[in-house]
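Beneath this line is the structure, given in structure tokens, with notes to follow.
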Amino acid sequence: MLEADIKNLVAAGASVDRDAVRATFARLREALSAGSVRAAEPDASSPTGWRVNTWVKQGILLGFRFGDTIDLSMDHGKWPFYDKDTLPLKRPGLSAGVRIVPGGSSVRDGAYIAPGVICMPPMFVNIGAWIGEQSLIDSHALVGSCAQVGARVHVSAGAQIGGVIEPVGAMPVIIEDDALVGGNTGIYEGAIIKARAVVGAGTVLTGSTPVYDLVRGQIIKPTAEGPLVVPEGAVVVPGARAVTAGKGPEWGLSLATPVIVKYRDSRTDTRTELEAWIR
């Protein structure tokens with residue numbers, strides 16, 4: 001019913017009823033917050049293992065479009081904020097089992113935060129994002145709109161998990177279960193990080209970035225069916241490759257490139273396990 005209502009509102013175009021949009025978006029936001037609806041979800045029949053729910057992203061865009069910018073300042077106006085009235089902050093409550101440590105973090109309503117998740121300040125989770133149980137979102141980290149983060153994932157300090165709302169058919173960034181995203185890492189443009197992969201500190205991955213797999217002797221590239229997919233258990237670190245065209249050799253230039261140096265083993269597991277003592 002919700003899917004059909006959003007599709008009908010989108011089809012109405014400029015003649016759409018504003019009040020109907022706002023009411024329907026409130027229902028969508030509630031479903032996203034509860035985790036019963038997702039912007040993308042696992043799909044074994046897909047080449048990437050994931051399916052985009054286009055109608056969800058269309059609904060989120062309606063919420064932005066038909067919201068009014070209002071004064072959301074805190075502390076009697078001493079801490080000024082101005083945002084859409086359709087996009088309030090999430091208030092999970094104690095019963096949700098989520099730790100949001102004091103210090104300036106924000107989670108927009110319409111994001112799903114599973115029990116056992118820890119949010120270290122300051123961090124930000126945008127609408128449409130989905131974060132699985134026991135994951136850790138560290139300080140200065142971003143989980144962008146519609147990004148999907150699995151269970152027991154460590155998103156380290158300063159990591160940027162980009163959001164993809166538009167185009168509505170594009171895959172958002174996916175981080176599967178038990179992955180580690182290192183500090184100051186950037187993952188953008190719908191790149192998919194499969195389960196148990198490790199993305200080393202400072203690595204930048206986009207949906208169109210080639211990854212050089214030294215272990216298997218191949219170059220992993222996006223395909224016509226989808227964006228870049230980092231294999232399960234891969235350990236990816238920043239690397240460089242020589243520029244062979246133009247003045248590249250003469251000037252000694254190189255380009256940054258991610259490199260798979262190994263696949264996860266018991267030693268990697270020991271080094272990347274979540275810090276049980278902070279829970």
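By order of appearance in the structure tokens: chains A, B, ..., then residues from 1 within every chain, and ligands from 1 in the order shown.
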Close residues, Phe25 of chain A itself excluded, 10 Å, only C-alpha atoms, min 3 positions apart in chain, as a ChimeraX atom specification: /A:2,5-6,19-22,28-31,56,59-64,66-67,86-87,110
Among the residues A:Ser208, A:Thr48, A:Ala151, A:Gly183, the one that comes closest to Pro231 of chain A [using only C-alpha atoms]: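 Checking each candidate against Pro231 of chain A, we get A:Thr48 as the closest.
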Can you list, as a list in words, every residue of segment 32-208 of chain A that DSSP puts in helix (DSSP H, G or I)?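 After running DSSP on the backbone, segment 32-208 of chain A has helix (DSSP H, G or I) at Leu32, Ser33, Ala34, Thr54, Trp55, Val56, Lys57, Gln58, Gly59, Ile60, Leu61, Leu62, Gly63, Phe64, Arg65, Leu94, Ser95 and Ala96 of chain A.
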Shortest contact to Val52 of chain A, candidates A:Gly158, A:Pro121, A:Pro115, A:Pro172, atoms counted only C-alpha atoms, goes to A:Pro172
